[in-house]
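Content type TSV, C-alpha atoms, from the file query00.tsv:
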```tsv
chain	number	residue	atom	x	y	z
A	170	MET	CA	95.62	34.88	-129.73
A	171	ALA	CA	98.58	33.08	-131.30
A	172	GLN	CA	99.30	33.53	-134.99
A	173	SER	CA	101.07	31.16	-137.36
A	174	ASP	CA	104.62	32.10	-138.31
A	175	ILE	CA	104.66	29.38	-141.00
A	176	LEU	CA	101.64	30.17	-143.17
A	177	ARG	CA	99.86	33.52	-143.46
A	178	LEU	CA	96.30	34.57	-144.13
A	179	ASP	CA	97.52	36.40	-147.24
A	180	ASP	CA	98.87	33.09	-148.61
A	181	ILE	CA	95.42	31.57	-148.29
A	182	ARG	CA	93.72	34.57	-149.83
A	183	ALA	CA	96.14	34.34	-152.76
A	184	ALA	CA	95.31	30.64	-153.11
A	185	ALA	CA	91.59	31.45	-153.16
A	186	GLU	CA	92.16	33.97	-155.95
A	187	ARG	CA	94.32	31.46	-157.85
A	188	ILE	CA	91.89	28.53	-157.77
A	189	GLY	CA	88.63	30.46	-157.64
A	190	GLY	CA	88.03	30.43	-161.37
A	191	THR	CA	88.23	26.63	-161.52
A	192	LEU	CA	86.83	25.21	-158.29
A	193	LYS	CA	83.25	25.59	-157.16
A	194	GLN	CA	82.35	27.23	-153.87
A	195	THR	CA	80.56	24.44	-152.06
A	196	PRO	CA	77.50	25.20	-149.91
A	197	CYS	CA	77.74	25.72	-146.16
A	198	LEU	CA	74.29	25.11	-144.69
A	199	ARG	CA	72.77	25.05	-141.22
A	200	SER	CA	71.33	21.69	-140.20
A	201	GLN	CA	68.24	22.10	-138.07
A	202	THR	CA	68.01	18.42	-137.13
A	203	LEU	CA	71.69	17.98	-136.24
A	204	SER	CA	71.58	21.25	-134.30
A	205	GLU	CA	68.72	19.87	-132.21
A	206	MET	CA	70.54	16.57	-131.69
A	207	VAL	CA	73.76	18.23	-130.49
A	208	GLY	CA	72.36	21.25	-128.68
A	209	ALA	CA	74.50	23.59	-130.76
A	210	GLU	CA	74.07	25.45	-134.04
A	211	ILE	CA	75.58	23.12	-136.63
A	212	TRP	CA	76.71	24.24	-140.08
A	213	LEU	CA	77.90	21.74	-142.69
A	214	LYS	CA	80.44	22.53	-145.41
A	215	PHE	CA	79.71	20.12	-148.27
A	216	GLU	CA	83.17	19.49	-149.73
A	217	ASN	CA	81.86	16.12	-150.88
A	218	LEU	CA	80.20	18.10	-153.68
A	219	GLN	CA	83.50	19.00	-155.36
A	220	PHE	CA	83.96	17.31	-158.73
A	221	THR	CA	86.22	14.60	-157.25
A	222	ALA	CA	84.06	14.57	-154.09
A	223	SER	CA	86.77	15.91	-151.79
A	224	PHE	CA	88.38	19.12	-150.50
A	225	LYS	CA	91.75	17.80	-151.70
A	226	GLU	CA	91.25	19.46	-155.07
A	227	ARG	CA	91.92	22.84	-153.47
A	228	GLY	CA	95.48	22.17	-152.37
A	229	ALA	CA	96.33	20.09	-155.42
A	230	LEU	CA	95.24	22.78	-157.86
A	231	ASN	CA	96.97	25.56	-155.89
A	232	LYS	CA	100.22	23.58	-155.99
A	233	LEU	CA	100.01	22.64	-159.67
A	234	LEU	CA	99.24	26.20	-160.78
A	235	GLN	CA	102.50	27.39	-159.22
A	236	LEU	CA	104.74	24.94	-161.10
A	237	ASP	CA	106.98	26.42	-163.79
A	238	ALA	CA	106.86	25.27	-167.40
A	239	ASP	CA	109.76	22.83	-167.02
A	240	ALA	CA	108.23	21.12	-163.98
A	241	ARG	CA	104.90	20.84	-165.76
A	242	LYS	CA	106.55	19.21	-168.75
A	243	ARG	CA	108.45	16.65	-166.63
A	244	GLY	CA	105.35	15.71	-164.67
A	245	VAL	CA	104.35	15.21	-161.07
A	246	ILE	CA	104.07	12.31	-158.67
A	247	ALA	CA	102.06	11.93	-155.48
A	248	MET	CA	101.28	9.29	-152.88
A	249	SER	CA	97.73	9.04	-151.63
A	250	ALA	CA	95.06	6.74	-150.26
A	251	GLY	CA	92.64	8.23	-152.72
A	252	ASN	CA	91.33	11.77	-152.48
A	253	HIS	CA	94.61	13.63	-152.94
A	254	ALA	CA	95.31	11.25	-155.80
A	255	GLN	CA	92.06	12.16	-157.52
A	256	GLY	CA	92.61	15.88	-156.97
A	257	VAL	CA	96.13	15.78	-158.42
A	258	ALA	CA	95.15	13.50	-161.32
A	259	TYR	CA	92.08	15.51	-162.29
A	260	HIS	CA	93.71	18.93	-162.27
A	261	ALA	CA	96.97	17.68	-163.76
A	262	LYS	CA	94.98	16.39	-166.70
A	263	GLY	CA	93.25	19.76	-167.06
A	264	LEU	CA	96.62	21.52	-167.07
A	265	GLY	CA	98.29	19.04	-169.41
A	266	ILE	CA	100.70	17.78	-166.74
A	267	PRO	CA	101.64	14.04	-166.72
A	268	ALA	CA	100.76	12.55	-163.32
A	269	THR	CA	101.84	9.41	-161.49
A	270	ILE	CA	100.09	8.36	-158.29
A	271	VAL	CA	101.47	5.77	-155.84
A	272	MET	CA	98.67	4.26	-153.76
A	273	PRO	CA	98.71	1.65	-150.98
A	274	SER	CA	97.56	-1.73	-152.23
A	275	ILE	CA	94.59	-1.65	-149.80
A	276	THR	CA	93.12	1.50	-151.38
A	277	PRO	CA	89.40	1.05	-152.17
A	278	PHE	CA	88.77	-0.03	-155.75
A	279	ASN	CA	86.52	2.92	-156.53
A	280	LYS	CA	89.30	5.41	-155.73
A	281	ILE	CA	91.82	3.53	-157.89
A	282	ARG	CA	89.32	3.43	-160.75
A	283	HIS	CA	88.63	7.16	-160.50
A	284	VAL	CA	92.31	8.09	-160.48
A	285	ARG	CA	92.95	6.03	-163.58
A	286	GLY	CA	89.85	7.57	-165.13
A	287	HIS	CA	91.49	10.98	-164.79
A	288	GLY	CA	94.41	9.78	-166.93
A	289	ALA	CA	97.05	9.24	-164.24
A	290	ARG	CA	99.48	6.36	-164.09
A	291	VAL	CA	98.66	4.39	-160.91
A	292	VAL	CA	101.30	2.40	-159.03
A	293	LEU	CA	100.04	0.19	-156.19
A	294	PHE	CA	102.70	-0.32	-153.54
A	295	GLY	CA	102.81	-1.27	-149.86
A	296	GLU	CA	100.17	-1.67	-147.21
A	297	THR	CA	100.37	1.83	-145.74
A	298	LEU	CA	100.60	5.43	-146.87
A	299	ALA	CA	104.12	5.59	-145.43
A	300	GLU	CA	105.27	2.68	-147.63
A	301	ALA	CA	103.62	4.27	-150.67
A	302	ALA	CA	105.38	7.55	-149.85
A	303	THR	CA	108.78	5.87	-149.78
A	304	ARG	CA	108.17	4.39	-153.22
A	305	ALA	CA	106.89	7.71	-154.58
A	306	HIS	CA	110.02	9.55	-153.43
A	307	GLU	CA	112.19	6.89	-155.06
A	308	MET	CA	110.33	7.27	-158.35
A	309	ALA	CA	110.43	11.06	-158.15
A	310	SER	CA	114.24	10.95	-157.94
A	311	ALA	CA	114.63	8.28	-160.60
A	312	GLU	CA	112.29	9.93	-163.12
A	313	ASN	CA	112.91	13.61	-162.21
A	314	LEU	CA	109.28	14.22	-161.25
A	315	THR	CA	107.94	16.94	-158.95
A	316	PHE	CA	106.65	15.42	-155.75
A	317	VAL	CA	103.26	16.79	-154.69
A	318	HIS	CA	102.90	16.05	-150.99
A	319	PRO	CA	99.32	15.51	-149.74
A	320	TYR	CA	99.72	17.69	-146.64
A	321	ASP	CA	103.26	18.74	-145.67
A	322	ASP	CA	103.54	21.53	-148.24
A	323	LEU	CA	102.72	25.22	-147.76
A	324	ALA	CA	100.98	25.49	-151.15
A	325	ILE	CA	98.81	22.49	-150.30
A	326	MET	CA	98.01	23.89	-146.86
A	327	ALA	CA	97.12	27.28	-148.33
A	328	GLY	CA	94.75	25.67	-150.81
A	329	GLN	CA	93.03	23.67	-148.09
A	330	GLY	CA	92.74	26.79	-145.96
A	331	THR	CA	90.36	28.29	-148.51
A	332	VAL	CA	87.66	26.02	-147.01
A	333	ALA	CA	87.67	28.20	-143.88
A	334	LEU	CA	87.64	31.42	-145.90
A	335	GLU	CA	84.46	30.29	-147.62
A	336	MET	CA	82.83	29.03	-144.44
A	337	LEU	CA	83.32	32.34	-142.65
A	338	GLN	CA	81.97	34.21	-145.67
A	339	GLN	CA	78.92	31.94	-145.80
A	340	ALA	CA	78.35	31.69	-142.02
A	341	PRO	CA	80.23	34.57	-140.37
A	342	GLU	CA	78.62	33.81	-137.00
A	343	LEU	CA	80.65	30.59	-136.58
A	344	ASP	CA	82.74	30.50	-133.40
A	345	THR	CA	84.03	26.91	-133.63
A	346	LEU	CA	85.38	24.67	-136.39
A	347	VAL	CA	85.68	20.90	-136.09
A	348	VAL	CA	88.04	19.49	-138.72
A	349	PRO	CA	89.08	15.91	-139.59
A	350	VAL	CA	92.82	15.30	-139.25
A	351	GLY	CA	94.88	12.99	-141.41
A	352	GLY	CA	98.30	14.43	-142.15
A	353	GLY	CA	97.21	17.85	-140.88
A	354	GLY	CA	97.17	19.97	-144.03
A	355	LEU	CA	93.47	20.81	-143.87
A	356	ILE	CA	93.29	21.74	-140.20
A	357	ALA	CA	96.50	23.77	-140.43
A	358	GLY	CA	95.34	25.77	-143.43
A	359	MET	CA	91.87	26.28	-141.97
A	360	ALA	CA	93.27	27.30	-138.58
A	361	VAL	CA	95.46	30.00	-140.14
A	362	ALA	CA	92.55	31.34	-142.20
A	363	ALA	CA	90.05	31.22	-139.34
A	364	HIS	CA	92.32	32.81	-136.74
A	365	GLY	CA	93.35	35.44	-139.23
A	366	LEU	CA	89.71	36.43	-139.70
A	367	LYS	CA	88.38	35.69	-136.20
A	368	PRO	CA	91.21	35.42	-133.63
A	369	ASP	CA	88.95	34.03	-130.90
A	370	LEU	CA	87.47	31.25	-133.03
A	371	GLN	CA	88.13	27.77	-131.60
A	372	ILE	CA	89.61	25.01	-133.77
A	373	TYR	CA	89.25	21.33	-132.88
A	374	GLY	CA	90.63	18.41	-134.82
A	375	VAL	CA	89.18	14.91	-135.03
A	376	GLU	CA	91.10	11.67	-135.51
A	377	THR	CA	89.92	8.09	-135.71
A	378	GLU	CA	90.77	6.06	-132.60
A	379	LEU	CA	93.23	3.93	-134.58
A	380	TYR	CA	95.28	6.88	-135.89
A	381	THR	CA	95.68	9.57	-133.23
A	382	ALA	CA	99.13	10.91	-134.08
A	383	MET	CA	98.28	14.62	-133.76
A	384	HIS	CA	96.42	14.10	-130.49
A	385	GLN	CA	99.34	12.12	-129.12
A	386	GLN	CA	101.90	14.73	-130.17
A	387	LEU	CA	99.86	17.63	-128.78
A	388	HIS	CA	99.68	15.80	-125.45
A	389	ASP	CA	103.37	14.79	-125.51
A	390	GLN	CA	102.60	11.10	-125.83
A	391	PRO	CA	104.51	8.55	-127.92
A	392	VAL	CA	102.93	8.03	-131.32
A	393	GLN	CA	101.35	4.58	-131.57
A	394	VAL	CA	98.94	4.07	-134.45
A	395	GLY	CA	97.73	1.31	-136.74
A	396	GLY	CA	94.83	-0.83	-137.82
A	397	ILE	CA	92.12	-0.97	-140.45
A	398	SER	CA	89.75	1.98	-140.22
A	399	ILE	CA	86.58	2.91	-142.05
A	400	ALA	CA	88.10	6.40	-142.23
A	401	GLU	CA	91.02	5.52	-144.48
A	402	GLY	CA	91.30	9.14	-145.59
A	403	ILE	CA	92.56	10.11	-142.12
A	404	SER	CA	94.37	6.85	-141.35
A	405	VAL	CA	97.76	8.55	-141.47
A	406	ARG	CA	100.77	7.56	-139.38
A	407	ASP	CA	102.84	10.70	-139.75
A	408	ILE	CA	101.65	14.26	-139.23
A	409	GLY	CA	103.41	16.76	-141.50
A	410	LYS	CA	106.05	18.91	-139.82
A	411	ALA	CA	104.58	22.20	-141.05
A	412	PRO	CA	100.96	21.29	-140.17
A	413	MET	CA	102.06	20.06	-136.74
A	414	ALA	CA	103.84	23.32	-136.03
A	415	VAL	CA	100.70	25.28	-136.95
A	416	ALA	CA	98.54	22.94	-134.85
A	417	ARG	CA	100.67	23.54	-131.77
A	418	GLN	CA	100.06	27.28	-132.18
A	419	LEU	CA	96.41	27.39	-133.20
A	420	VAL	CA	94.53	24.10	-132.57
A	421	ARG	CA	92.74	23.90	-129.24
A	422	ASP	CA	92.67	20.09	-129.07
A	423	VAL	CA	92.13	16.97	-131.14
A	424	LEU	CA	89.16	14.76	-130.30
A	425	ILE	CA	89.00	11.00	-130.85
A	426	ALA	CA	86.20	9.32	-132.79
A	427	ARG	CA	85.51	5.63	-132.36
A	428	GLU	CA	84.93	3.52	-135.44
A	429	ALA	CA	81.33	2.79	-134.37
A	430	ASP	CA	80.67	6.52	-133.90
A	431	ILE	CA	81.98	7.26	-137.39
A	432	GLU	CA	79.62	4.64	-138.80
A	433	ARG	CA	76.74	6.28	-136.94
A	434	ALA	CA	77.70	9.65	-138.38
A	435	ILE	CA	77.75	8.27	-141.93
A	436	VAL	CA	74.25	6.93	-141.38
A	437	ALA	CA	73.04	10.20	-139.83
A	438	LEU	CA	74.33	12.26	-142.75
A	439	ALA	CA	72.68	9.89	-145.23
A	440	GLU	CA	69.34	9.75	-143.40
A	441	ILE	CA	69.12	13.35	-142.19
A	442	GLU	CA	71.04	15.41	-144.75
A	443	LYS	CA	70.60	13.03	-147.70
A	444	THR	CA	74.31	13.29	-148.43
A	445	VAL	CA	77.01	10.64	-148.86
A	446	ALA	CA	80.08	11.00	-146.64
A	447	GLU	CA	83.08	8.72	-146.45
A	448	GLY	CA	84.44	7.78	-143.04
A	449	ALA	CA	86.86	10.69	-142.82
A	450	GLY	CA	84.16	13.09	-143.99
A	451	ALA	CA	81.79	11.99	-141.23
A	452	SER	CA	84.36	11.98	-138.41
A	453	GLY	CA	83.66	15.57	-137.36
A	454	LEU	CA	80.00	14.80	-136.76
A	455	ALA	CA	80.99	11.57	-134.99
A	456	ALA	CA	83.06	13.52	-132.46
A	457	LEU	CA	80.36	16.14	-132.02
A	458	LEU	CA	77.65	13.59	-131.26
A	459	VAL	CA	79.83	12.07	-128.53
A	460	HIS	CA	81.15	15.33	-127.04
A	461	LYS	CA	77.87	17.29	-127.03
A	462	ASP	CA	78.59	19.00	-123.73
A	463	MET	CA	81.77	20.60	-125.10
A	464	PHE	CA	79.86	22.40	-127.85
A	465	LYS	CA	76.54	23.14	-126.20
A	466	GLY	CA	75.25	26.53	-127.34
A	467	ARG	CA	78.13	27.16	-129.74
A	468	LYS	CA	78.00	27.86	-133.48
A	469	VAL	CA	79.95	25.00	-134.99
A	470	GLY	CA	81.16	24.47	-138.54
A	471	LEU	CA	81.79	20.89	-139.70
A	472	VAL	CA	83.58	19.96	-142.91
A	473	ILE	CA	82.23	16.96	-144.80
A	474	THR	CA	85.65	16.48	-146.32
A	475	GLY	CA	84.78	13.79	-148.84
A	476	GLY	CA	82.17	11.43	-150.21
A	477	ASN	CA	84.32	8.76	-151.82
A	478	ILE	CA	83.06	5.66	-150.05
A	479	ASP	CA	82.82	2.29	-151.76
A	480	THR	CA	79.16	1.53	-152.48
A	481	ARG	CA	79.39	-1.96	-150.99
A	482	LEU	CA	80.89	-0.53	-147.80
A	483	LEU	CA	78.25	2.19	-147.69
A	484	ALA	CA	75.51	-0.43	-147.99
A	485	SER	CA	77.08	-2.41	-145.15
A	486	VAL	CA	77.35	0.67	-142.92
A	487	LEU	CA	73.73	1.61	-143.54
A	488	MET	CA	72.52	-1.91	-142.75
A	489	ARG	CA	74.70	-2.07	-139.61
A	490	GLY	CA	73.07	1.18	-138.59
A	491	LEU	CA	69.68	-0.52	-138.75
A	492	VAL	CA	71.06	-3.29	-136.53
A	493	ARG	CA	72.44	-0.82	-133.98
A	494	ASP	CA	69.11	0.97	-133.80
A	495	GLY	CA	67.20	-2.26	-133.29
A	496	ARG	CA	65.41	-1.80	-136.59
A	497	LEU	CA	66.93	-5.00	-137.97
A	498	ALA	CA	67.53	-7.97	-135.68
A	499	ARG	CA	68.11	-11.71	-135.51
A	500	LEU	CA	65.63	-13.59	-133.39
A	501	ILE	CA	66.04	-17.23	-132.28
A	502	ILE	CA	63.01	-19.24	-131.18
A	503	THR	CA	63.65	-22.68	-129.64
A	504	THR	CA	60.63	-24.98	-129.78
A	505	ASP	CA	59.66	-28.63	-130.16
A	506	ASP	CA	60.07	-29.91	-133.70
A	507	ALA	CA	56.40	-30.32	-134.49
A	508	PRO	CA	54.17	-29.25	-137.40
A	509	GLY	CA	52.80	-25.73	-137.23
A	510	ARG	CA	55.45	-24.20	-134.97
A	511	LEU	CA	56.93	-22.03	-137.73
A	512	ALA	CA	53.46	-20.87	-138.78
A	513	LYS	CA	52.56	-20.04	-135.16
A	514	ALA	CA	55.75	-17.99	-134.63
A	515	ALA	CA	55.43	-16.23	-137.96
A	516	GLY	CA	51.81	-15.37	-137.24
A	517	ILE	CA	52.68	-13.79	-133.88
A	518	ILE	CA	55.54	-11.83	-135.38
A	519	GLY	CA	53.33	-10.52	-138.17
A	520	SER	CA	50.50	-9.65	-135.80
A	521	ALA	CA	52.97	-7.58	-133.75
A	522	GLY	CA	53.65	-5.42	-136.81
A	523	VAL	CA	57.16	-6.79	-137.26
A	524	ASN	CA	58.31	-7.69	-140.78
A	525	ILE	CA	60.06	-11.00	-141.43
A	526	VAL	CA	63.06	-10.53	-143.73
A	527	GLU	CA	64.60	-14.02	-143.58
A	528	VAL	CA	63.82	-17.32	-141.84
A	529	ALA	CA	65.81	-20.56	-141.36
A	530	HIS	CA	65.54	-23.79	-139.35
A	531	GLN	CA	68.51	-25.10	-137.36
A	532	ARG	CA	68.38	-28.69	-136.15
A	533	LEU	CA	72.02	-29.80	-136.26
A	534	PHE	CA	74.32	-27.05	-134.97
A	535	THR	CA	72.61	-26.52	-131.63
A	536	LEU	CA	72.88	-27.70	-128.03
A	537	ALA	CA	69.11	-27.92	-127.73
A	538	SER	CA	67.34	-31.31	-127.51
A	539	ALA	CA	67.39	-33.49	-130.61
A	540	LYS	CA	63.58	-33.35	-130.47
A	541	SER	CA	63.59	-29.55	-130.72
A	542	THR	CA	64.46	-27.05	-133.39
A	543	GLU	CA	65.74	-23.52	-133.51
A	544	ILE	CA	64.01	-21.12	-135.89
A	545	GLU	CA	66.08	-18.07	-136.77
A	546	PHE	CA	64.26	-15.01	-138.01
A	547	VAL	CA	65.78	-11.82	-139.35
A	548	VAL	CA	63.11	-9.23	-138.59
A	549	GLU	CA	62.53	-5.54	-139.20
A	550	ALA	CA	60.98	-3.51	-136.40
A	551	ARG	CA	60.41	0.16	-135.58
A	552	ASP	CA	63.05	0.27	-132.84
A	553	ARG	CA	64.36	-1.63	-129.79
A	554	ALA	CA	61.19	-0.97	-127.80
A	555	HIS	CA	59.18	-2.62	-130.56
A	556	LEU	CA	61.50	-5.67	-130.41
A	557	ALA	CA	61.02	-5.88	-126.64
A	558	GLU	CA	57.25	-5.88	-127.11
A	559	LEU	CA	57.60	-8.74	-129.61
A	560	LEU	CA	59.68	-10.84	-127.18
A	561	ASP	CA	57.02	-10.37	-124.47
A	562	THR	CA	54.27	-11.38	-126.88
A	563	LEU	CA	56.16	-14.52	-127.94
A	564	ALA	CA	56.83	-15.46	-124.31
A	565	GLN	CA	53.15	-15.09	-123.46
A	566	ALA	CA	52.39	-17.49	-126.33
A	567	GLY	CA	54.78	-20.06	-124.85
A	568	LEU	CA	57.58	-19.54	-127.37
A	569	ASN	CA	61.10	-19.25	-125.98
A	570	ALA	CA	62.72	-16.38	-127.94
A	571	ARG	CA	65.96	-14.49	-127.64
A	572	LEU	CA	67.79	-11.82	-129.64
A	573	LEU	CA	71.21	-12.37	-131.17
A	574	ASP	CA	72.40	-8.80	-130.79
A	575	PRO	CA	76.22	-8.46	-130.71
A	576	MET	CA	76.01	-4.74	-131.60
A	577	ALA	CA	73.58	-3.67	-128.86
A	578	ALA	CA	76.27	-1.87	-126.87
A	579	VAL	CA	78.33	-0.64	-129.82
```
Mind turning the file's structure into structure tokens?
Amino acid sequence: MAQSDILRLDDIRAAAERIGGTLKQTPCLRSQTLSEMVGAEIWLKFENLQFTASFKERGALNKLLQLDADARKRGVIAMSAGNHAQGVAYHAKGLGIPATIVMPSITPFNKIRHVRGHGARVVLFGETLAEAATRAHEMASAENLTFVHPYDDLAIMAGQGTVALEMLQQAPELDTLVVPVGGGGLIAGMAVAAHGLKPDLQIYGVETELYTAMHQQLHDQPVQVGGISIAEGISVRDIGKAPMAVARQLVRDVLIAREADIERAIVALAEIEKTVAEGAGASGLAALLVHKDMFKGRKVGLVITGGNIDTRLLASVLMRGLVRDGRLARLIITTDDAPGRLAKAAGIIGSAGVNIVEVAHQRLFTLASAKSTEIEFVVEARDRAHLAELLDTLAQAGLNARLLDPMAAV
């Protein structure tokens, strides 16, 4: 089996020793329900339980601890969409190092608030991580600050690799790791650690469908990425040179997760594991649920890389999950505009065991007869089969009903 000639297992072991007194060892637990769903033995590494709710603390702390006294006094600067920023800011504060973080202007508010809460100076610049990086490099030169790269740095990669060391200590039977890929620092560090300990262990990456740079490079395709993703933590245009070199040696392949599949995975982790995962943190499970046949019978470790998701977005994702499952639906009943029609429809819906969440009449914005009305119900049912039963019952009662279900096939 190939070995990395860029980063060594000993570098990662040294990082583990360096940061071990400060960072917690997060749990790595077998999920019975997810294992049954996938047909494989699934273990979850809960990096969302770090203090800043992300694995990024590992690399940031490993890097900061290796700075000399002069560099610490001058301060550091980093560019980040959020989690690296929080890791750098939090540990820089603990070490007494001034920190500046350049973040894209579209960074979620909660991540900006947390970074500022850790005492860092925040500069919002550009629409992408690449634009923020350009500004950060300019400021580093102008203010003589040490640039702390989020992924293309051997100290960062070594720190992130400690995730795999812990996983194989906690679940030594693992034979596969599925790792979210942004700039590549995590998967590179974990691949070196895992192959150093178990040379035959398989490493797969996961990228969101809008940002597939590592997949494209591994398959010798031109890099074409862009768009707004729920997984902003892995919405990275450029893979680091060092991580990419390691990936070519040690990563088996990179899988693609659709946005809808990532949403489903966020919901599954919340409902099944009672844990909050951001989009990037749920992407590994998203890929696994789609590519079940690839992992059937294997012992798979997934990293929940982070839990920093905006609460409003989380609420939206959870509600959209109810819509996808048919547990929440919009129902339109077209009927003559006569007294008692609403009461009749509502009575049938209630008798079917379906809960009415909202109701509204529509008489103007419709192509139906001027003597008719459309009654729109938002209803809560057990599942899609329950909704189908309701439609049959309404039809038998002479009420023309249809579902407005744009997410049925998503």
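Rounded to one decimal, CA of Ala507 (chain A) and CA of Val523 (chain A) lie 23.7 Å from each other.
Between CA of Val423 (chain A) and CA of Leu487 (chain A) the interatomic distance comes to 27.0 Å.
Residue nearest Ala400 (chain A) within the list A:Leu572, A:Ala324, A:Leu203, A:Val375: A:Val375 [criterion: smallest interatomic distance, all atoms listed in the file].
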Counting only C-alpha atoms, which residues of region 438-518 of chain A fall within 10 Å of region 551-560 of chain A, and what is the closest atom pair for each with its distance in Å at one decimal, ordered by chain and rising number, as a Markdown table?
```
| residue | atom | partner | partner_atom | distance |
| --- | --- | --- | --- | --- |
| A:Leu491 | CA | A:Asp552 | CA | 8.9 |
| A:Val492 | CA | A:Asp552 | CA | 9.5 |
| A:Arg493 | CA | A:Arg553 | CA | 9.1 |
| A:Asp494 | CA | A:Asp552 | CA | 6.2 |
| A:Gly495 | CA | A:Arg553 | CA | 4.6 |
| A:Arg496 | CA | A:Asp552 | CA | 4.9 |
| A:Leu497 | CA | A:Asp552 | CA | 8.3 |
| A:Ala498 | CA | A:Leu556 | CA | 8.3 |
| A:Leu500 | CA | A:Leu560 | CA | 9.0 |
| A:Ile502 | CA | A:Leu560 | CA | 9.9 |
| A:Ile517 | CA | A:Leu559 | CA | 8.2 |
| A:Ile518 | CA | A:Leu559 | CA | 6.9 |
```
TODO: Have a look at CA of Leu424 (chain A) and CA of His318 (chain A) and let me know their distance in Å, one decimal.
DONE: 24.9 Å
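Minimum atom-to-atom distance to Ala529 (chain A), evaluated using all atoms listed in the file, belongs to A:Thr542 out of A:Ser398, A:Thr191, A:Gln371, A:Thr542.
Closest approach to Thr221 (chain A) from the set A:Thr474, A:Thr535, A:Gln255, A:Ser204 is made by A:Gln255, with distances taken over only C-alpha atoms.
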Open item on the list: Residues within 10 Å of (81.2, 22.6, -130.4), file coordinates, counting all atoms listed in the file: what are they? Give the list as a ChimeraX atom specification.
Closed with: /A:207-211,344-347,371-373,456-458,460-471
Task: Residue nearest Asp574 (chain A) among A:Val547, A:Gln235, A:Met336, A:Ala360 (counting all atoms listed in the file) - done: A:Val547
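Candidate residues A:Arg290, A:His384, A:His260, A:Arg571 were compared for distance to Ile246 (chain A), and the nearest is A:Arg290, using only C-alpha atoms.
The protein and nucleic acid residues lying at most 12 Å from Gln393 (chain A) are Glu378, Leu379, Tyr380, Thr381, Ala382, Met383, His384, Gln385, Gln386, Val405, Arg406 and Asp407 of chain A, with all atoms listed in the file considered and sequence neighbours fewer than 4 positions away removed.
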Could you write out as JSON the box around region 178-185 of chain A (axis-aligned, all atoms listed in the file, 8 Å on each side), with centre and edge lengths in Å to one decimal?
```
{"center_x": 95.2, "center_y": 33.5, "center_z": -148.6, "size_x": 23.3, "size_y": 21.8, "size_z": 25.0}
```
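Distances here use only C-alpha atoms; by that measure, the residue among A:Gly453, A:Pro412, A:Gly396, A:Gly353 closest to Lys214 (chain A) is A:Gly453.
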Open item on the list: Which residues are near region 329-332 of chain A? Cut-off 6 Å, all atoms listed in the file, ignore same chain within fewer than 4 positions. Put them as a PyMOL selection string.
Closed with: chain A and resi 181+185+227-228+355+358-359+362
TODO: Can you pull out every residue within 9 Å of Glu226 (chain A), counting all atoms listed in the file, but drop anything in the same chain fewer than 5 positions away, and send it as number ranges by chain?
DONE: A: 192, 219-221, 231, 252-253, 255-257, 259-260, 328-329
Emit the selected residues as a PDB file, keeping the file's coordinate frame, including C-alpha atoms.
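The resulting file, again_0.pdb, is reproduced below:
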```
ATOM      1  CA  LEU A 192      86.830  25.210-158.290  1.00  0.00           C
ATOM      2  CA  GLN A 219      83.500  19.000-155.360  1.00  0.00           C
ATOM      3  CA  PHE A 220      83.960  17.310-158.730  1.00  0.00           C
ATOM      4  CA  THR A 221      86.220  14.600-157.250  1.00  0.00           C
ATOM      5  CA  ASN A 231      96.970  25.560-155.890  1.00  0.00           C
ATOM      6  CA  ASN A 252      91.330  11.770-152.480  1.00  0.00           C
ATOM      7  CA  HIS A 253      94.610  13.630-152.940  1.00  0.00           C
ATOM      8  CA  GLN A 255      92.060  12.160-157.520  1.00  0.00           C
ATOM      9  CA  GLY A 256      92.610  15.880-156.970  1.00  0.00           C
ATOM     10  CA  VAL A 257      96.130  15.780-158.420  1.00  0.00           C
ATOM     11  CA  TYR A 259      92.080  15.510-162.290  1.00  0.00           C
ATOM     12  CA  HIS A 260      93.710  18.930-162.270  1.00  0.00           C
ATOM     13  CA  GLY A 328      94.750  25.670-150.810  1.00  0.00           C
ATOM     14  CA  GLN A 329      93.030  23.670-148.090  1.00  0.00           C
TER      15      GLN A 329
END
```
- [ ] Determine, counting only C-alpha atoms, every residue of protein, DNA or RNA that lies within 9 Å of (86.7, 34.4, -144.5) in the file coordinates, then give the result as an MDAnalysis selection string.
- [x] chainID A and resid 182 331:339 341 362:363 365:367
